[in-house]
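Enquirer: Have a peek at coords-v7.tsv (TSV, C-alpha atoms).
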chain	number	residue	atom	x	y	z
L	1465	MET	CA	0.00	0.00	0.00
L	1466	ALA	CA	2.94	2.36	0.55
L	1467	ASN	CA	3.57	2.37	-3.22
L	1468	LYS	CA	-0.02	3.24	-4.08
L	1469	LEU	CA	-0.14	6.22	-6.45
L	1470	ILE	CA	-1.43	9.50	-5.05
L	1471	ALA	CA	-3.21	10.12	-8.36
L	1472	GLN	CA	-5.45	7.14	-7.57
L	1473	MET	CA	-6.47	8.29	-4.10
L	1474	GLY	CA	-9.22	10.75	-5.03
L	1475	LEU	CA	-7.52	13.89	-3.76
L	1476	PRO	CA	-8.83	17.24	-5.06
L	1477	LYS	CA	-7.44	17.70	-8.55
L	1478	SER	CA	-5.66	20.91	-7.67
L	1479	ILE	CA	-3.58	19.40	-4.85
L	1480	ALA	CA	-3.08	16.11	-6.74
L	1481	ASN	CA	-1.58	18.03	-9.66
L	1482	ILE	CA	0.82	19.84	-7.33
L	1483	PHE	CA	1.99	16.51	-5.86
L	1484	ALA	CA	2.64	15.21	-9.37
L	1485	ALA	CA	4.45	18.37	-10.43
L	1486	ARG	CA	6.80	18.07	-7.45
L	1487	ASN	CA	7.45	14.37	-8.27
L	1488	ILE	CA	5.75	13.19	-5.07
L	1489	LEU	CA	3.97	10.27	-6.68
L	1490	THR	CA	3.31	7.59	-4.05
L	1491	ALA	CA	1.97	7.44	-0.52
L	1492	LYS	CA	5.47	6.59	0.69
L	1493	ASP	CA	6.85	9.74	-0.93
L	1494	ALA	CA	4.29	11.92	0.81
L	1495	LEU	CA	4.29	10.26	4.23
L	1496	SER	CA	8.10	10.24	4.45
L	1497	LEU	CA	8.04	14.05	4.71
L	1498	THR	CA	6.87	16.26	7.55
L	1499	GLU	CA	3.94	18.62	7.13
L	1500	PHE	CA	6.31	21.60	7.05
L	1501	ASP	CA	8.47	19.96	4.36
L	1502	LEU	CA	5.34	19.40	2.27
L	1503	MET	CA	4.23	23.01	2.81
L	1504	GLU	CA	7.57	24.22	1.47
L	1505	LEU	CA	7.70	21.80	-1.47
L	1506	LEU	CA	4.08	22.20	-2.52
L	1507	ASP	CA	3.80	25.89	-1.66
L	1508	VAL	CA	0.40	25.45	-0.02
L	1509	GLY	CA	-1.02	26.12	3.44
L	1510	LEU	CA	-0.92	23.84	6.47
L	1511	GLY	CA	-4.65	23.14	6.28
L	1512	GLU	CA	-4.41	21.74	2.73
L	1513	VAL	CA	-1.36	19.66	3.65
L	1514	ASN	CA	-3.05	18.19	6.74
L	1515	SER	CA	-6.17	17.35	4.76
L	1516	ALA	CA	-4.17	15.63	1.99
L	1517	VAL	CA	-1.97	13.71	4.45
L	1518	ALA	CA	-5.01	12.54	6.41
L	1519	GLN	CA	-6.68	11.22	3.26
L	1520	ILE	CA	-3.48	9.51	2.05
L	1521	SER	CA	-2.94	7.92	5.49
L	1522	GLU	CA	-6.50	6.64	5.71
L	1523	ILE	CA	-6.28	4.97	2.31
L	1524	THR	CA	-2.76	3.61	2.81
L	1525	CYS	CA	-2.92	2.24	6.34
L	1526	PRO	CA	-4.62	-1.13	6.88
L	1527	PRO	CA	-7.86	-1.00	8.88
L	1528	TYR	CA	-7.78	-1.74	12.60
L	1529	GLN	CA	-9.07	-5.09	13.84
L	1530	SER	CA	-10.11	-5.93	17.36
L	1531	ALA	CA	-8.87	-9.05	19.12
L	1532	LEU	CA	-12.44	-10.37	18.98
L	1533	SER	CA	-12.70	-9.95	15.20
L	1534	LEU	CA	-9.32	-11.66	14.72
L	1535	MET	CA	-10.43	-14.59	16.88
L	1536	GLU	CA	-13.74	-14.93	15.02
L	1537	GLU	CA	-11.94	-14.80	11.67
L	1538	ARG	CA	-9.55	-17.55	12.73
L	1539	VAL	CA	-12.31	-19.78	14.09
L	1540	GLN	CA	-14.28	-19.44	10.86
L	1541	ASN	CA	-11.34	-20.75	8.85
L	1542	GLU	CA	-11.03	-24.27	10.22
L	1543	TYR	CA	-8.16	-25.11	7.90
L	1544	LEU	CA	-5.91	-22.35	9.18
L	1545	ALA	CA	-6.95	-23.05	12.78
L	1546	GLY	CA	-6.51	-26.83	12.48
L	1547	HIS	CA	-4.73	-29.07	14.96
L	1548	LEU	CA	-3.46	-32.62	15.16
L	1549	PRO	CA	-4.86	-34.00	18.43
L	1550	THR	CA	-2.29	-35.86	20.51
L	1551	ARG	CA	-5.00	-37.93	22.25
L	1552	LEU	CA	-3.55	-36.70	25.54
L	1553	LYS	CA	-6.66	-34.95	26.81
L	1554	GLY	CA	-5.10	-32.47	29.21
L	1555	LEU	CA	-2.37	-31.48	26.79
L	1556	ASP	CA	-4.83	-31.08	23.89
L	1557	GLU	CA	-7.03	-28.84	26.03
L	1558	ALA	CA	-4.03	-26.72	27.02
L	1559	LEU	CA	-3.01	-26.33	23.35
L	1560	CYS	CA	-6.61	-25.65	22.25
L	1561	GLY	CA	-6.83	-28.79	20.15
L	1562	GLY	CA	-3.36	-30.28	19.87
L	1563	ILE	CA	-0.32	-29.74	17.65
L	1564	PRO	CA	-1.11	-26.64	15.54
L	1565	PHE	CA	-0.98	-26.54	11.75
L	1566	GLY	CA	1.41	-24.17	10.03
L	1567	SER	CA	4.01	-23.89	12.79
L	1568	LEU	CA	6.92	-25.69	14.45
L	1569	THR	CA	6.38	-27.75	17.59
L	1570	GLU	CA	9.47	-28.86	19.49
L	1571	LEU	CA	9.91	-31.77	21.87
L	1572	VAL	CA	13.02	-31.23	23.98
L	1573	GLY	CA	14.41	-33.51	26.65
L	1574	PRO	CA	17.20	-35.92	27.64
L	1575	ALA	CA	17.81	-39.20	25.83
L	1576	GLY	CA	15.36	-41.97	26.67
L	1577	ILE	CA	12.69	-39.66	28.10
L	1578	GLY	CA	10.07	-40.51	25.44
L	1579	LYS	CA	10.48	-37.99	22.59
L	1580	THR	CA	10.62	-40.64	19.86
L	1581	GLN	CA	7.69	-42.51	21.45
L	1582	PHE	CA	5.68	-39.30	21.21
L	1583	CYS	CA	6.69	-38.86	17.55
L	1584	LEU	CA	5.69	-42.42	16.62
L	1585	LYS	CA	2.23	-41.91	18.13
L	1586	LEU	CA	1.80	-38.59	16.29
L	1587	ALA	CA	2.79	-40.26	13.01
L	1588	LEU	CA	0.08	-42.87	13.51
L	1589	LEU	CA	-2.51	-40.24	14.41
L	1590	ALA	CA	-1.81	-38.31	11.20
L	1591	ALA	CA	-2.08	-41.51	9.12
L	1592	LEU	CA	-5.34	-42.71	10.70
L	1593	PRO	CA	-8.59	-42.33	8.72
L	1594	THR	CA	-10.64	-39.26	9.56
L	1595	THR	CA	-13.42	-41.58	10.78
L	1596	HIS	CA	-11.12	-42.51	13.66
L	1597	GLY	CA	-9.95	-38.97	14.41
L	1598	GLY	CA	-6.86	-38.94	12.17
L	1599	LEU	CA	-5.81	-36.77	9.25
L	1600	ASN	CA	-5.97	-39.60	6.68
L	1601	GLY	CA	-2.70	-38.58	5.11
L	1602	ARG	CA	0.93	-39.46	4.68
L	1603	VAL	CA	3.72	-38.64	7.09
L	1604	ILE	CA	7.34	-37.81	6.32
L	1605	TYR	CA	9.57	-38.96	9.15
L	1606	ILE	CA	13.18	-37.73	8.89
L	1607	ASP	CA	15.08	-40.14	11.13
L	1608	VAL	CA	18.38	-38.35	11.72
L	1609	GLU	CA	19.56	-40.61	14.55
L	1610	SER	CA	18.21	-43.95	13.21
L	1611	LYS	CA	15.84	-44.36	16.18
L	1612	PHE	CA	12.71	-45.09	14.15
L	1613	SER	CA	11.35	-48.58	14.89
L	1614	SER	CA	8.65	-50.00	12.65
L	1615	ARG	CA	8.07	-52.80	15.19
L	1616	ARG	CA	7.43	-50.27	17.97
L	1617	LEU	CA	5.19	-48.29	15.61
L	1618	ILE	CA	2.99	-51.33	14.98
L	1619	GLU	CA	2.92	-52.14	18.69
L	1620	ILE	CA	1.73	-48.65	19.58
L	1621	GLY	CA	-0.89	-48.82	16.83
L	1622	ALA	CA	-2.18	-52.26	17.88
L	1623	LYS	CA	-2.46	-51.21	21.54
L	1624	SER	CA	-3.93	-47.76	20.86
L	1625	PHE	CA	-6.23	-48.55	17.92
L	1626	PRO	CA	-7.04	-52.29	18.05
L	1627	GLU	CA	-10.26	-51.80	16.08
L	1628	ILE	CA	-8.17	-50.70	13.08
L	1629	PHE	CA	-4.90	-52.61	13.42
L	1630	HIS	CA	-6.61	-55.97	13.95
L	1631	LEU	CA	-8.32	-55.71	10.56
L	1632	GLU	CA	-6.54	-57.65	7.86
L	1633	GLY	CA	-3.99	-55.54	6.01
L	1634	MET	CA	-4.67	-52.34	7.97
L	1635	ALA	CA	-1.41	-52.42	9.94
L	1636	GLN	CA	0.53	-52.61	6.67
L	1637	GLU	CA	-1.55	-49.83	5.15
L	1638	MET	CA	-1.04	-47.50	8.10
L	1639	ALA	CA	2.70	-48.21	8.21
L	1640	GLY	CA	2.88	-47.69	4.45
L	1641	ARG	CA	1.65	-44.13	4.86
L	1642	ILE	CA	4.69	-43.20	6.96
L	1643	LEU	CA	7.67	-42.41	4.72
L	1644	VAL	CA	11.02	-42.62	6.51
L	1645	LEU	CA	14.11	-40.71	5.34
L	1646	ARG	CA	17.52	-41.37	6.91
L	1647	PRO	CA	20.03	-38.75	5.75
L	1648	ALA	CA	23.61	-39.76	6.48
L	1649	SER	CA	25.10	-36.27	6.25
L	1650	LEU	CA	24.17	-32.62	6.41
L	1651	SER	CA	24.20	-32.37	2.62
L	1652	GLU	CA	21.85	-35.35	2.39
L	1653	PHE	CA	19.58	-33.70	4.95
L	1654	THR	CA	19.52	-30.58	2.79
L	1655	GLU	CA	18.55	-32.68	-0.23
L	1656	SER	CA	15.89	-34.41	1.88
L	1657	LEU	CA	14.30	-31.07	2.73
L	1658	GLN	CA	14.09	-30.17	-0.96
L	1659	GLN	CA	12.42	-33.54	-1.65
L	1660	VAL	CA	10.02	-32.97	1.23
L	1661	LYS	CA	8.92	-29.64	-0.20
L	1662	LEU	CA	8.05	-31.29	-3.51
L	1663	SER	CA	6.28	-34.16	-1.76
L	1664	VAL	CA	4.11	-31.78	0.25
L	1665	LEU	CA	2.96	-30.18	-3.00
L	1666	GLN	CA	2.41	-33.43	-4.89
L	1667	HIS	CA	1.12	-35.85	-2.21
L	1668	GLN	CA	-1.21	-35.87	0.75
L	1669	ILE	CA	1.46	-35.07	3.34
L	1670	LYS	CA	-0.24	-34.16	6.62
L	1671	LEU	CA	2.68	-34.22	9.07
L	1672	ILE	CA	6.48	-33.83	9.02
L	1673	ILE	CA	8.64	-35.12	11.86
L	1674	ILE	CA	12.38	-34.49	12.27
L	1675	ASP	CA	14.06	-36.62	14.95
L	1676	SER	CA	16.28	-34.86	15.85
L	1677	MET	CA	17.47	-31.40	14.86
L	1678	ALA	CA	20.30	-31.43	17.41
L	1679	GLY	CA	21.62	-34.63	15.85
L	1680	LEU	CA	22.62	-32.55	12.84
L	1681	ASN	CA	25.27	-30.87	14.97
L	1682	SER	CA	26.86	-34.13	16.06
L	1683	GLY	CA	30.37	-35.06	15.03
L	1684	GLU	CA	29.56	-37.05	11.89
L	1685	TYR	CA	27.47	-34.20	10.50
L	1686	GLU	CA	30.08	-31.56	11.34
L	1687	ARG	CA	32.68	-33.59	9.43
L	1688	ASP	CA	30.54	-33.54	6.30
L	1689	VAL	CA	32.85	-31.60	3.97
L	1690	LYS	CA	30.30	-31.71	1.15
L	1691	ALA	CA	27.90	-29.44	2.99
L	1692	PRO	CA	28.30	-25.93	1.54
L	1693	ARG	CA	28.75	-22.96	3.83
L	1694	GLN	CA	25.30	-21.55	3.03
L	1695	HIS	CA	23.75	-24.77	4.28
L	1696	SER	CA	24.37	-23.91	7.91
L	1697	LEU	CA	21.83	-25.01	10.49
L	1698	GLY	CA	20.41	-21.49	10.47
L	1699	TRP	CA	19.45	-21.93	6.84
L	1700	HIS	CA	17.73	-25.22	7.62
L	1701	ILE	CA	15.79	-23.70	10.51
L	1702	SER	CA	14.51	-20.88	8.30
L	1703	PHE	CA	13.61	-23.34	5.54
L	1704	ILE	CA	11.66	-25.62	7.90
L	1705	LYS	CA	9.78	-22.71	9.47
L	1706	SER	CA	8.79	-21.30	6.07
L	1707	LEU	CA	7.77	-24.79	4.91
L	1708	ALA	CA	5.41	-25.12	7.87
L	1709	GLU	CA	3.85	-21.73	7.20
L	1710	PHE	CA	3.56	-22.34	3.46
L	1711	SER	CA	2.16	-25.88	3.60
L	1712	ARG	CA	-0.15	-25.26	6.60
L	1713	ILE	CA	0.71	-28.65	8.10
L	1714	PRO	CA	2.21	-29.39	11.53
L	1715	ILE	CA	5.96	-29.93	11.72
L	1716	VAL	CA	7.29	-31.63	14.86
L	1717	VAL	CA	10.98	-31.67	15.68
L	1718	THR	CA	12.91	-33.13	18.59
L	1719	ASN	CA	15.83	-31.51	20.34
L	1720	GLN	CA	18.39	-32.86	22.78
L	1721	VAL	CA	19.79	-31.27	25.92
L	1722	ARG	CA	23.21	-30.35	27.23
L	1723	SER	CA	24.53	-29.29	30.61
L	1724	GLN	CA	24.87	-25.57	31.20
L	1725	SER	CA	28.28	-24.54	32.46
L	1726	SER	CA	28.84	-21.55	34.70
L	1727	ASP	CA	30.47	-19.51	31.92
L	1728	ASP	CA	27.44	-19.74	29.60
L	1729	VAL	CA	26.13	-16.27	28.89
L	1730	VAL	CA	22.43	-16.54	28.11
L	1731	GLN	CA	19.44	-14.34	28.59
L	1732	TYR	CA	16.93	-17.10	29.21
L	1733	PRO	CA	17.38	-20.66	30.50
L	1734	PHE	CA	16.51	-22.18	27.13
L	1735	GLN	CA	18.74	-19.94	25.04
L	1736	GLY	CA	22.06	-21.73	25.15
L	1737	GLU	CA	24.61	-21.44	22.38
L	1738	ASN	CA	25.36	-24.73	20.70
L	1739	LYS	CA	29.04	-24.80	21.58
L	1740	HIS	CA	29.11	-27.60	24.13
L	1741	GLU	CA	28.84	-31.32	23.79
L	1742	ILE	CA	25.34	-32.77	23.68
L	1743	VAL	CA	24.90	-34.87	26.80
L	1744	LYS	CA	23.34	-38.28	26.25
L	1745	ASP	CA	24.54	-40.18	29.35
L	1746	PRO	CA	22.07	-39.57	32.22
L	1747	GLU	CA	24.83	-40.24	34.78
L	1748	ARG	CA	26.70	-37.17	33.53
L	1749	LEU	CA	23.74	-34.82	33.49
L	1750	ASN	CA	23.68	-31.85	35.82
L	1751	SER	CA	20.52	-30.91	37.65
L	1752	HIS	CA	20.14	-27.93	35.32
L	1753	LEU	CA	20.04	-28.56	31.60
L	1754	VAL	CA	19.32	-26.45	28.55
L	1755	ALA	CA	18.16	-27.24	25.04
L	1756	ALA	CA	21.04	-28.16	22.75
L	1757	LEU	CA	20.22	-25.61	20.04
L	1758	GLY	CA	20.57	-21.89	20.56
L	1759	ILE	CA	18.63	-18.66	20.39
L	1760	HIS	CA	17.91	-18.76	16.64
L	1761	TRP	CA	16.15	-22.06	17.08
L	1762	ALA	CA	14.35	-20.96	20.28
L	1763	HIS	CA	12.73	-18.09	18.37
L	1764	ALA	CA	11.75	-20.30	15.42
L	1765	VAL	CA	9.52	-22.72	17.34
L	1766	THR	CA	5.95	-21.79	18.23
L	1767	ILE	CA	5.31	-24.56	20.75
L	1768	ARG	CA	8.00	-25.99	23.02
L	1769	LEU	CA	7.17	-29.09	25.05
L	1770	VAL	CA	9.80	-30.05	27.61
L	1771	LEU	CA	9.97	-33.73	28.58
L	1772	GLU	CA	11.85	-34.27	31.82
L	1773	ALA	CA	12.24	-36.59	34.82
L	1774	ASP	CA	12.24	-35.22	38.36
L	1775	SER	CA	12.49	-37.45	41.46
L	1776	GLY	CA	11.57	-40.55	39.47
L	1777	GLN	CA	8.50	-39.02	37.79
L	1778	ARG	CA	8.32	-37.95	34.13
L	1779	PHE	CA	6.63	-34.70	33.14
L	1780	ILE	CA	5.57	-32.94	29.94
L	1781	LYS	CA	5.78	-29.17	30.39
L	1782	VAL	CA	4.24	-26.60	28.07
L	1783	ALA	CA	7.26	-24.30	28.21
L	1784	LYS	CA	6.40	-22.06	25.27
L	1785	SER	CA	3.00	-21.43	23.71
L	1786	PRO	CA	1.15	-18.31	22.55
L	1787	ILE	CA	-2.15	-19.69	23.87
L	1788	SER	CA	-1.42	-21.92	26.87
L	1789	PRO	CA	-0.33	-21.13	30.42
L	1790	PRO	CA	2.87	-22.85	31.62
L	1791	LEU	CA	1.61	-26.27	32.69
L	1792	ALA	CA	3.21	-29.58	33.68
L	1793	PHE	CA	1.60	-33.01	33.21
L	1794	PRO	CA	2.98	-36.24	34.76
L	1795	PHE	CA	3.21	-39.08	32.24
L	1796	VAL	CA	4.39	-42.64	31.73
L	1797	VAL	CA	5.52	-44.57	28.66
L	1798	THR	CA	3.45	-47.72	28.09
L	1799	SER	CA	2.99	-50.25	25.31
L	1800	SER	CA	0.51	-47.82	23.72
L	1801	GLY	CA	2.94	-44.89	23.84
L	1802	ILE	CA	2.83	-41.88	26.16
L	1803	SER	CA	-0.06	-41.64	28.63
L	1804	LEU	CA	-0.83	-38.82	31.06
L	1805	LEU	CA	-1.35	-39.78	34.70
L	1806	THR	CA	-3.77	-36.88	35.09
L	1807	ASP	CA	-5.46	-34.48	32.68
L	1808	ASP	CA	-5.18	-31.64	35.17
L	1809	GLY	CA	-1.95	-29.81	34.55
L	1810	THR	CA	-0.07	-28.08	37.34
L	1811	GLU	CA	0.83	-24.46	36.67
L	1812	VAL	CA	4.56	-23.84	36.84
L	1813	LYS	CA	5.69	-20.36	37.82
L	1814	GLY	CA	8.90	-18.48	37.16
L	1815	PRO	CA	11.99	-19.76	35.33
L	1816	GLU	CA	11.28	-23.34	36.43
L	1817	ILE	CA	9.08	-23.84	33.36
L	1818	ASN	CA	12.17	-23.59	31.13
L	1819	SER	CA	14.49	-25.70	33.28
L	1820	ILE	CA	15.02	-29.34	32.28
L	1821	HIS	CA	15.61	-32.06	34.86
L	1822	CYS	CA	16.84	-35.63	34.50
L	1823	GLN	CA	16.73	-37.09	37.98
L	1824	GLY	CA	15.66	-40.66	38.57
L	1825	GLN	CA	14.46	-41.22	35.01
Mind converting the file's structure to structure tokens?
Expert:
Amino acid sequence: MANKLIAQMGLPKSIANIFAARNILTAKDALSLTEFDLMELLDVGLGEVNSAVAQISEITCPPYQSALSLMEERVQNEYLAGHLPTRLKGLDEALCGGIPFGSLTELVGPAGIGKTQFCLKLALLAALPTTHGGLNGRVIYIDVESKFSSRRLIEIGAKSFPEIFHLEGMAQEMAGRILVLRPASLSEFTESLQQVKLSVLQHQIKLIIIDSMAGLNSGEYERDVKAPRQHSLGWHISFIKSLAEFSRIPIVVTNQVRSQSSDDVVQYPFQGENKHEIVKDPERLNSHLVAALGIHWAHAVTIRLVLEADSGQRFIKVAKSPISPPLAFPFVVTSSGISLLTDDGTEVKGPEINSIHCQGQ
């Protein structure tokens, strides 16, 4: 709108002609000058300048919208406001429906806490027919750390959805909808992302999972000499975020943790620079951990779910969300995947919501 021509704004012909004669042709040209500058350039009075500027501003500036009108507009468009339910009642209620479409959702926590279990269940939920609450689509699962288990996937499906998986051929059909990519290097991961973008356009892709982003910074990926400089992790983060927004599908990524040393200079507990070793051995973990990726990544994700263990109990914490209060839900990992022990989340106050524990896992 800033480049809209003044001649098309319906100003009085006399003042419009003066604007044109002084080569002030667009709204941006006019609004970049003060009223006194315009008086001098146009050789007209303050009243005429104020009247012209007011009309140009009204036409150029977008109309105001109330929070209520924005909410009603979003609710009316079910596609843009869609979610992938996790089937964890309390968590879905906190997130107003589940994992949101068109944004990045991160699962961060120590090794063995249940991140991959969560991802396997989400993959099944996206592949399920809509008659059973799924998205009836395909899933792209980028298995960076080779943790994907088809046997565990079928087990979770058979225990969670016996009415579907006990039908002849349905287990194979559901598993066939989940496409697994295992890039062996950073350059292969880059190529995988380009393939994913084409697949989203050409096929019924309803969910993308990357397990895990932090694995891309491990030693074997850093030694990948074929990866060009422009293909830094920052580039990948921007690409994934734009892919989520463009495709309007949920993208779920996992992230590891590392111990925070005393010389780390961070503004928030979750904003650690990725300069230390990723800690995978629970015996070496400190009581205070941070996400393995840094501030660029922290700003890219819309939802951050922290999975942790404290005093022998596992918790899922809603650490970052534009719509949910900071809540913690106790959970266990069973043969059917992750299950909440209670649907009533406990509100977590202060910086504790961003801290990550691994005690008695």
Enquirer: Using only C-alpha atoms, pick whichever of L:Arg1768, L:Gly1776, L:His1596, L:His1760 has the shortest atom-to-atom distance to L:Pro1549.
Expert: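 Closest to L:Pro1549, using only C-alpha atoms: L:His1596.
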Enquirer: Pick from L:Ala1575, L:Ala1678, L:Ser1649, L:Ala1558: nearest to L:Glu1772, with only C-alpha atoms counted?
Expert: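 When distances to L:Glu1772 are compared using only C-alpha atoms, the smallest one comes from L:Ala1575.
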Enquirer: Which is closer to L:Ser1610 than all the others in L:Asn1514, L:Thr1580, L:Asn1719, L:Gln1668, using all atoms listed in the file?
Expert: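 Closest residue, counting all atoms listed in the file: L:Thr1580.
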Enquirer: Can you tell me how far atom CA of L:Pro1564 sits from atom CA of L:Arg1722, in Å to one decimal?
Expert: 27.2 Å
Enquirer: Find the distance between atom CA of L:Gly1809 and atom CA of L:Glu1570 and write it in Å to one decimal.
Expert: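 Taking atom CA of L:Gly1809 as the start and atom CA of L:Glu1570 as the end point, the length is 18.9 Å.
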Enquirer: Would you give me, as JSON lines, each residue of stretch 1608-1701 of chain L having an atom within 6 Å of an atom of stretch 1597-1602 of chain L, along with its shortest atom pair and that distance in Å to one decimal, using all atoms listed in the file and sorting by chain and residue number?
Expert:
{"residue": "L:Arg1641", "atom": "CA", "partner": "L:Arg1602", "partner_atom": "CA", "distance": 4.7}
{"residue": "L:Ile1642", "atom": "CA", "partner": "L:Arg1602", "partner_atom": "CA", "distance": 5.8}
{"residue": "L:Gln1668", "atom": "CA", "partner": "L:Gly1601", "partner_atom": "CA", "distance": 5.3}
{"residue": "L:Ile1669", "atom": "CA", "partner": "L:Arg1602", "partner_atom": "CA", "distance": 4.6}
{"residue": "L:Lys1670", "atom": "CA", "partner": "L:Gly1601", "partner_atom": "CA", "distance": 5.3}
Enquirer: Could you name the residues that touch stretch 1635-1639 of chain L at 10 Å or less, counting only C-alpha atoms, but leaving out those on the same chain fewer than 3 positions away, as a list in words?
Expert: Ala1587, Leu1588, Leu1589, Ala1590, Ala1591, Leu1592, Pro1593, Asn1600, Gly1601, Arg1602, Val1603, Ser1614, Arg1615, Leu1617, Ile1618, Glu1619, Gly1621, Ala1622, Pro1626, Ile1628, Phe1629, His1630, Leu1631, Glu1632, Ile1642 and Leu1643 of chain L
Enquirer: Check the smallest atom-to-atom distance from each of L:Ile1523, L:Ala1773, L:Val1812, L:Leu1510 to L:Ile1470 using all atoms listed in the file, then report the winner.
Expert: L:Ile1523
